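Content type mmCIF, C-alpha atoms, from the file run_14.cif:
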data_upload
loop_
_atom_site.group_PDB
_atom_site.id
_atom_site.type_symbol
_atom_site.label_atom_id
_atom_site.label_comp_id
_atom_site.auth_asym_id
_atom_site.auth_seq_id
_atom_site.Cartn_x
_atom_site.Cartn_y
_atom_site.Cartn_z
ATOM 1 C CA MET A 18 0.000 0.000 0.000
ATOM 2 C CA TYR A 19 1.453 3.346 -1.070
ATOM 3 C CA LYS A 20 1.245 6.573 0.934
ATOM 4 C CA ILE A 21 -0.311 9.153 -1.367
ATOM 5 C CA ILE A 22 -1.128 12.845 -1.272
ATOM 6 C CA LEU A 23 -3.979 13.941 -3.555
ATOM 7 C CA ALA A 24 -3.968 17.466 -4.970
ATOM 8 C CA ASP A 25 -7.074 18.449 -6.918
ATOM 9 C CA ASP A 26 -9.391 21.441 -6.609
ATOM 10 C CA HIS A 27 -12.581 19.465 -7.271
ATOM 11 C CA ASN A 28 -13.666 18.183 -3.883
ATOM 12 C CA ILE A 29 -16.081 15.517 -5.104
ATOM 13 C CA PHE A 30 -13.545 14.098 -7.568
ATOM 14 C CA ARG A 31 -10.791 14.122 -4.940
ATOM 15 C CA GLU A 32 -12.956 12.486 -2.296
ATOM 16 C CA SER A 33 -14.212 9.836 -4.726
ATOM 17 C CA LEU A 34 -10.668 9.083 -5.831
ATOM 18 C CA ALA A 35 -9.486 8.805 -2.236
ATOM 19 C CA PHE A 36 -12.327 6.424 -1.401
ATOM 20 C CA MET A 37 -11.672 4.234 -4.426
ATOM 21 C CA LEU A 38 -7.912 3.963 -3.882
ATOM 22 C CA THR A 39 -8.311 3.267 -0.182
ATOM 23 C CA LYS A 40 -10.965 0.619 -0.761
ATOM 24 C CA SER A 41 -8.881 -1.132 -3.407
ATOM 25 C CA GLY A 42 -5.945 -1.387 -1.003
ATOM 26 C CA VAL A 43 -3.566 0.357 -3.405
ATOM 27 C CA ALA A 44 -3.115 3.514 -1.377
ATOM 28 C CA GLU A 45 -3.244 5.122 2.016
ATOM 29 C CA ILE A 46 -4.253 8.748 1.564
ATOM 30 C CA ILE A 47 -2.086 10.739 3.962
ATOM 31 C CA GLY A 48 -3.125 14.190 2.790
ATOM 32 C CA GLU A 49 -5.417 16.130 0.462
ATOM 33 C CA ALA A 50 -4.856 19.534 -1.109
ATOM 34 C CA SER A 51 -7.052 21.764 -3.256
ATOM 35 C CA ASN A 52 -4.191 23.826 -4.700
ATOM 36 C CA GLY A 53 -0.426 23.861 -5.041
ATOM 37 C CA ARG A 54 0.246 25.921 -1.949
ATOM 38 C CA GLU A 55 -1.673 23.478 0.217
ATOM 39 C CA LEU A 56 0.329 20.657 -1.328
ATOM 40 C CA LEU A 57 3.631 22.299 -0.438
ATOM 41 C CA LYS A 58 2.473 22.729 3.170
ATOM 42 C CA LEU A 59 1.517 19.054 3.328
ATOM 43 C CA LEU A 60 4.937 18.057 2.014
ATOM 44 C CA GLU A 61 6.513 19.848 4.975
ATOM 45 C CA GLN A 62 4.683 17.403 7.249
ATOM 46 C CA HIS A 63 4.543 14.178 5.218
ATOM 47 C CA THR A 64 6.785 12.079 2.994
ATOM 48 C CA PRO A 65 4.508 10.378 0.457
ATOM 49 C CA ASP A 66 5.431 7.576 -1.906
ATOM 50 C CA LEU A 67 3.538 9.455 -4.604
ATOM 51 C CA VAL A 68 1.707 12.694 -5.270
ATOM 52 C CA LEU A 69 -1.326 12.587 -7.551
ATOM 53 C CA LEU A 70 -1.316 16.132 -8.872
ATOM 54 C CA ASP A 71 -4.005 17.901 -10.864
ATOM 55 C CA ILE A 72 -2.696 20.356 -13.446
ATOM 56 C CA GLY A 73 -5.439 22.992 -13.448
ATOM 57 C CA MET A 74 -5.835 24.384 -9.916
ATOM 58 C CA PRO A 75 -6.363 27.890 -8.483
ATOM 59 C CA ILE A 76 -3.811 29.921 -6.470
ATOM 60 C CA MET A 77 -0.926 27.681 -7.576
ATOM 61 C CA ASP A 78 -1.438 25.274 -10.470
ATOM 62 C CA GLY A 79 0.038 21.821 -10.866
ATOM 63 C CA CYS A 80 2.943 22.929 -13.069
ATOM 64 C CA ALA A 81 4.148 25.550 -10.586
ATOM 65 C CA ALA A 82 3.581 23.209 -7.649
ATOM 66 C CA ALA A 83 5.487 20.367 -9.293
ATOM 67 C CA LYS A 84 8.422 22.622 -10.118
ATOM 68 C CA GLU A 85 8.649 23.952 -6.562
ATOM 69 C CA ALA A 86 8.042 20.569 -4.932
ATOM 70 C CA THR A 87 10.716 18.733 -6.935
ATOM 71 C CA LYS A 88 13.171 21.542 -6.232
ATOM 72 C CA LEU A 89 12.614 21.071 -2.502
ATOM 73 C CA TYR A 90 12.267 17.288 -2.664
ATOM 74 C CA PRO A 91 14.247 15.942 -5.665
ATOM 75 C CA ASP A 92 13.197 12.340 -5.069
ATOM 76 C CA LEU A 93 9.481 13.165 -5.000
ATOM 77 C CA LYS A 94 7.427 11.074 -7.413
ATOM 78 C CA ILE A 95 4.600 12.939 -9.141
ATOM 79 C CA LEU A 96 1.857 11.456 -11.295
ATOM 80 C CA ALA A 97 -0.026 14.222 -13.063
ATOM 81 C CA LEU A 98 -3.795 14.134 -13.396
ATOM 82 C CA SER A 99 -5.051 15.705 -16.590
ATOM 83 C CA SER A 100 -7.999 16.251 -18.880
ATOM 84 C CA PHE A 101 -7.949 16.538 -22.657
ATOM 85 C CA ASP A 102 -7.956 20.332 -22.371
ATOM 86 C CA ASP A 103 -4.591 20.419 -20.600
ATOM 87 C CA GLU A 104 -2.310 19.269 -23.420
ATOM 88 C CA MET A 105 -0.345 22.520 -23.524
ATOM 89 C CA HIS A 106 0.876 21.849 -19.962
ATOM 90 C CA TYR A 107 2.383 18.404 -20.594
ATOM 91 C CA HIS A 108 5.814 19.702 -21.536
ATOM 92 C CA LYS A 109 5.843 21.965 -18.486
ATOM 93 C CA MET A 110 4.964 19.078 -16.178
ATOM 94 C CA ILE A 111 7.761 16.937 -17.600
ATOM 95 C CA ASP A 112 10.232 19.792 -17.169
ATOM 96 C CA ALA A 113 8.955 20.266 -13.615
ATOM 97 C CA GLY A 114 9.723 16.647 -12.764
ATOM 98 C CA ALA A 115 6.472 14.716 -13.207
ATOM 99 C CA LYS A 116 7.096 11.033 -13.888
ATOM 100 C CA GLY A 117 3.853 10.330 -15.709
ATOM 101 C CA PHE A 118 0.381 11.399 -16.758
ATOM 102 C CA ILE A 119 -2.999 9.836 -16.245
ATOM 103 C CA ILE A 120 -6.165 11.055 -17.928
ATOM 104 C CA LYS A 121 -8.973 11.694 -15.458
ATOM 105 C CA ASP A 122 -11.524 9.543 -17.234
ATOM 106 C CA THR A 123 -9.223 6.504 -17.277
ATOM 107 C CA ASN A 124 -10.356 3.183 -15.853
ATOM 108 C CA LYS A 125 -9.569 1.985 -12.339
ATOM 109 C CA LYS A 126 -7.158 -0.718 -13.494
ATOM 110 C CA GLU A 127 -4.961 1.697 -15.452
ATOM 111 C CA LEU A 128 -4.935 4.222 -12.619
ATOM 112 C CA GLU A 129 -3.803 1.572 -10.161
ATOM 113 C CA GLN A 130 -1.097 0.364 -12.554
ATOM 114 C CA ALA A 131 0.098 3.936 -13.092
ATOM 115 C CA ILE A 132 0.361 4.492 -9.340
ATOM 116 C CA ILE A 133 2.270 1.250 -8.816
ATOM 117 C CA THR A 134 4.637 2.000 -11.713
ATOM 118 C CA VAL A 135 5.438 5.605 -10.839
ATOM 119 C CA ALA A 136 5.678 4.936 -7.090
ATOM 120 C CA GLY A 137 8.097 2.141 -7.968
ATOM 121 C CA GLY A 138 10.363 4.510 -9.856
ATOM 122 C CA GLY A 139 9.070 4.070 -13.409
ATOM 123 C CA GLY A 140 7.282 6.340 -15.846
ATOM 124 C CA TRP A 141 3.683 6.093 -17.006
ATOM 125 C CA PHE A 142 1.693 7.644 -19.814
ATOM 126 C CA SER A 143 -2.024 7.121 -20.229
ATOM 127 C CA ASN A 144 -2.994 5.113 -23.289
ATOM 128 C CA GLU A 145 -5.243 8.002 -24.276
ATOM 129 C CA LEU A 146 -2.297 10.371 -24.076
ATOM 130 C CA LEU A 147 -0.159 8.120 -26.261
ATOM 131 C CA ARG A 148 -2.898 8.031 -28.897
ATOM 132 C CA LYS A 149 -2.846 11.823 -29.006
ATOM 133 C CA VAL A 150 0.869 12.083 -29.688
ATOM 134 C CA ILE A 151 1.186 13.434 -33.206
ATOM 135 C CA LYS A 152 3.934 12.896 -35.771
ATOM 136 C CA SER A 153 5.918 16.051 -35.134
ATOM 137 C CA PHE A 154 9.691 15.855 -34.731
ATOM 138 C CA SER A 155 12.192 18.641 -34.146
ATOM 139 C CA ASN A 156 15.028 19.261 -36.591
ATOM 140 C CA LYS A 157 17.327 19.809 -33.624
ATOM 141 C CA ILE A 158 17.063 16.200 -32.494
ATOM 142 C CA ALA A 159 17.121 14.860 -36.044
ATOM 143 C CA SER A 160 20.377 16.656 -36.768
ATOM 144 C CA SER A 161 22.049 15.764 -33.475
ATOM 145 C CA ASN A 162 23.073 12.308 -34.737
ATOM 146 C CA LEU A 163 21.939 10.813 -31.445
ATOM 147 C CA LEU A 164 19.363 8.820 -33.369
ATOM 148 C CA SER A 165 19.496 7.780 -36.994
ATOM 149 C CA GLU A 166 16.730 8.728 -39.399
ATOM 150 C CA ARG A 167 15.390 5.175 -39.220
ATOM 151 C CA GLU A 168 15.481 5.218 -35.404
ATOM 152 C CA ILE A 169 13.588 8.494 -35.354
ATOM 153 C CA GLY A 170 10.959 6.887 -37.554
ATOM 154 C CA ILE A 171 10.751 3.879 -35.230
ATOM 155 C CA LEU A 172 10.493 6.186 -32.194
ATOM 156 C CA GLN A 173 7.673 8.048 -33.904
ATOM 157 C CA HIS A 174 5.677 4.836 -34.091
ATOM 158 C CA ILE A 175 6.610 3.766 -30.560
ATOM 159 C CA CYS A 176 5.197 7.035 -29.221
ATOM 160 C CA THR A 177 1.841 6.245 -30.809
ATOM 161 C CA ALA A 178 1.716 3.002 -28.775
ATOM 162 C CA LYS A 179 2.256 0.649 -31.700
ATOM 163 C CA THR A 180 3.636 -2.833 -31.113
ATOM 164 C CA ASN A 181 6.775 -4.167 -32.785
ATOM 165 C CA GLU A 182 4.579 -6.260 -35.058
ATOM 166 C CA GLN A 183 2.522 -3.244 -36.137
ATOM 167 C CA ILE A 184 5.648 -1.158 -36.763
ATOM 168 C CA ALA A 185 7.241 -3.934 -38.805
ATOM 169 C CA GLU A 186 4.135 -4.291 -40.944
ATOM 170 C CA GLU A 187 3.750 -0.559 -41.527
ATOM 171 C CA LEU A 188 7.417 -0.023 -42.418
ATOM 172 C CA SER A 189 7.715 -3.288 -44.363
ATOM 173 C CA ILE A 190 10.652 -4.505 -42.307
ATOM 174 C CA SER A 191 11.134 -7.593 -40.165
ATOM 175 C CA TYR A 192 10.018 -7.931 -36.567
ATOM 176 C CA ASP A 193 13.620 -8.645 -35.495
ATOM 177 C CA THR A 194 14.788 -5.428 -37.159
ATOM 178 C CA VAL A 195 12.219 -3.400 -35.248
ATOM 179 C CA ARG A 196 13.135 -5.145 -32.008
ATOM 180 C CA LYS A 197 16.824 -4.355 -32.566
ATOM 181 C CA HIS A 198 16.077 -0.710 -33.350
ATOM 182 C CA ARG A 199 13.896 -0.399 -30.249
ATOM 183 C CA SER A 200 16.684 -1.854 -28.120
ATOM 184 C CA ASN A 201 19.228 0.562 -29.616
ATOM 185 C CA ILE A 202 16.926 3.546 -29.066
ATOM 186 C CA LEU A 203 16.386 2.592 -25.416
ATOM 187 C CA GLU A 204 20.144 2.275 -24.920
ATOM 188 C CA LYS A 205 21.021 5.547 -26.680
ATOM 189 C CA THR A 206 18.444 7.541 -24.733
ATOM 190 C CA GLY A 207 19.160 5.843 -21.415
ATOM 191 C CA SER A 208 15.522 4.770 -21.106
ATOM 192 C CA PRO A 209 14.806 1.628 -19.039
ATOM 193 C CA ASN A 210 11.409 1.019 -20.641
ATOM 194 C CA THR A 211 8.945 2.287 -23.243
ATOM 195 C CA ALA A 212 7.156 4.658 -20.858
ATOM 196 C CA ALA A 213 10.465 6.292 -19.938
ATOM 197 C CA LEU A 214 11.339 6.487 -23.642
ATOM 198 C CA VAL A 215 8.142 8.392 -24.393
ATOM 199 C CA MET A 216 8.950 10.710 -21.492
ATOM 200 C CA TRP A 217 12.416 11.282 -22.978
ATOM 201 C CA ALA A 218 10.888 12.040 -26.376
ATOM 202 C CA ILE A 219 8.485 14.598 -24.907
ATOM 203 C CA ARG A 220 11.124 16.208 -22.668
ATOM 204 C CA ASN A 221 13.518 16.624 -25.578
ATOM 205 C CA LYS A 222 10.799 17.939 -27.884
ATOM 206 C CA VAL A 223 11.226 14.957 -30.203
ATOM 207 C CA VAL A 224 7.458 14.703 -30.215
ATOM 208 C CA GLU A 225 4.853 17.305 -29.455
ATOM 209 C CA ILE A 226 1.485 16.755 -27.873
#
Using the file provided, produce a representation of the structure as structure tokens.
Amino acid sequence: MYKIILADDHNIFRESLAFMLTKSGVAEIIGEASNGRELLKLLEQHTPDLVLLDIGMPIMDGCAAAKEATKLYPDLKILALSSFDDEMHYHKMIDAGAKGFIIKDTNKKELEQAIITVAGGGGWFSNELLRKVIKSFSNKIASSNLLSEREIGILQHICTAKTNEQIAEELSISYDTVRKHRSNILEKTGSPNTAALVMWAIRNKVVEI
């Protein structure tokens, strides 16, 4: 069971989420905040395994709160809560130190998996978020020689949540070739898994939401 602080300005949503996570046995809610300032005060008193942080809040929003919180507590793990209207804040949340995003209308199973993954030190991106990643790559990364043109193309497909089989079929190459490229991309970017790779791509502006 993970110790979690919930930060969301919608009381009914926050209370429902707290009830659900407590009942499922995934989390112990050790604090609730309705804005970023309240969250920072709670962090002075508690050391959570994870903060579930809404992006759009009054007084101090999730982006500002995440930036300040991770500055004060570098090891803090933040899972951002978002709605489809908050896409412009994704880059800011990554830069502020968030380790993942979960869309508010996600299902219970995915939310629980996201909490377990991020609290355990991994990264998590909602399936809905991955589907919204568009094919937009920066010339800066393409010209850096970190990734080859083929690897950039593979990464583009990875960020849209396609499997190795789907990528191989679409690019008319073998499954083993895709698997090798994926392995090389993970190694070059220092990403331990696909979720972390997507986070790297967003942080480095390789893809845009």
*Name the closest residue to Leu89 in chain A among the candidates A:Lys197, A:Lys109, A:Lys125, A:Lys58; distances are taken between atoms, counting all atoms listed in the file.*
A:Lys58
*Could you write out as a PyMOL selection string the residues that the PyMOL selection byres ((chain A and resi 139) around 12) matches in the shown file?*
chain A and resi 67+94-96+115-118+130-138+140-142+208-216
*Distance CA of Ser41 in chain A-CA of Glu61 in chain A, one decimal place?*
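According to the coordinates, CA of Ser41 in chain A and CA of Glu61 in chain A are separated by 27.3 Å.
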*the PyMOL selection byres ((chain A and resi 121) around 8) on the file shown: which residues, as a ChimeraX atom specification?*
/A:98-100,119-120,122-123
*Write out as a PyMOL selection string each polymer residue whose atoms come within 7 Å of Ile22 in chain A, counting only C-alpha atoms; drop sequence neighbours fewer than 2 positions from it.*
chain A and resi 24+46-49+65+67-69
*Quick one: residues within 6 Å of (4.7, 5.1, -28.0) (file frame), counting all atoms listed in the file, please, as a ChimeraX atom specification.*
/A:147,175-178,215
Residues as selected, C-alpha atoms, written as a short mmCIF file (atom, residue, chain, number, x, y, z; two decimals), in the frame of the given file, can you do that?
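Result file follows (selection_12.cif):
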data_model
loop_
_atom_site.label_atom_id
_atom_site.label_comp_id
_atom_site.auth_asym_id
_atom_site.auth_seq_id
_atom_site.Cartn_x
_atom_site.Cartn_y
_atom_site.Cartn_z
CA LEU A 147 -0.16 8.12 -26.26
CA ILE A 175 6.61 3.77 -30.56
CA CYS A 176 5.20 7.04 -29.22
CA THR A 177 1.84 6.24 -30.81
CA ALA A 178 1.72 3.00 -28.78
CA VAL A 215 8.14 8.39 -24.39
#
*Compile the contact shell of Asn52 in chain A as a PyMOL selection string: residues with an atom at most 6 Å away, counting only C-alpha atoms, same-chain residues fewer than 3 positions apart removed.*
chain A and resi 55+74-75+77
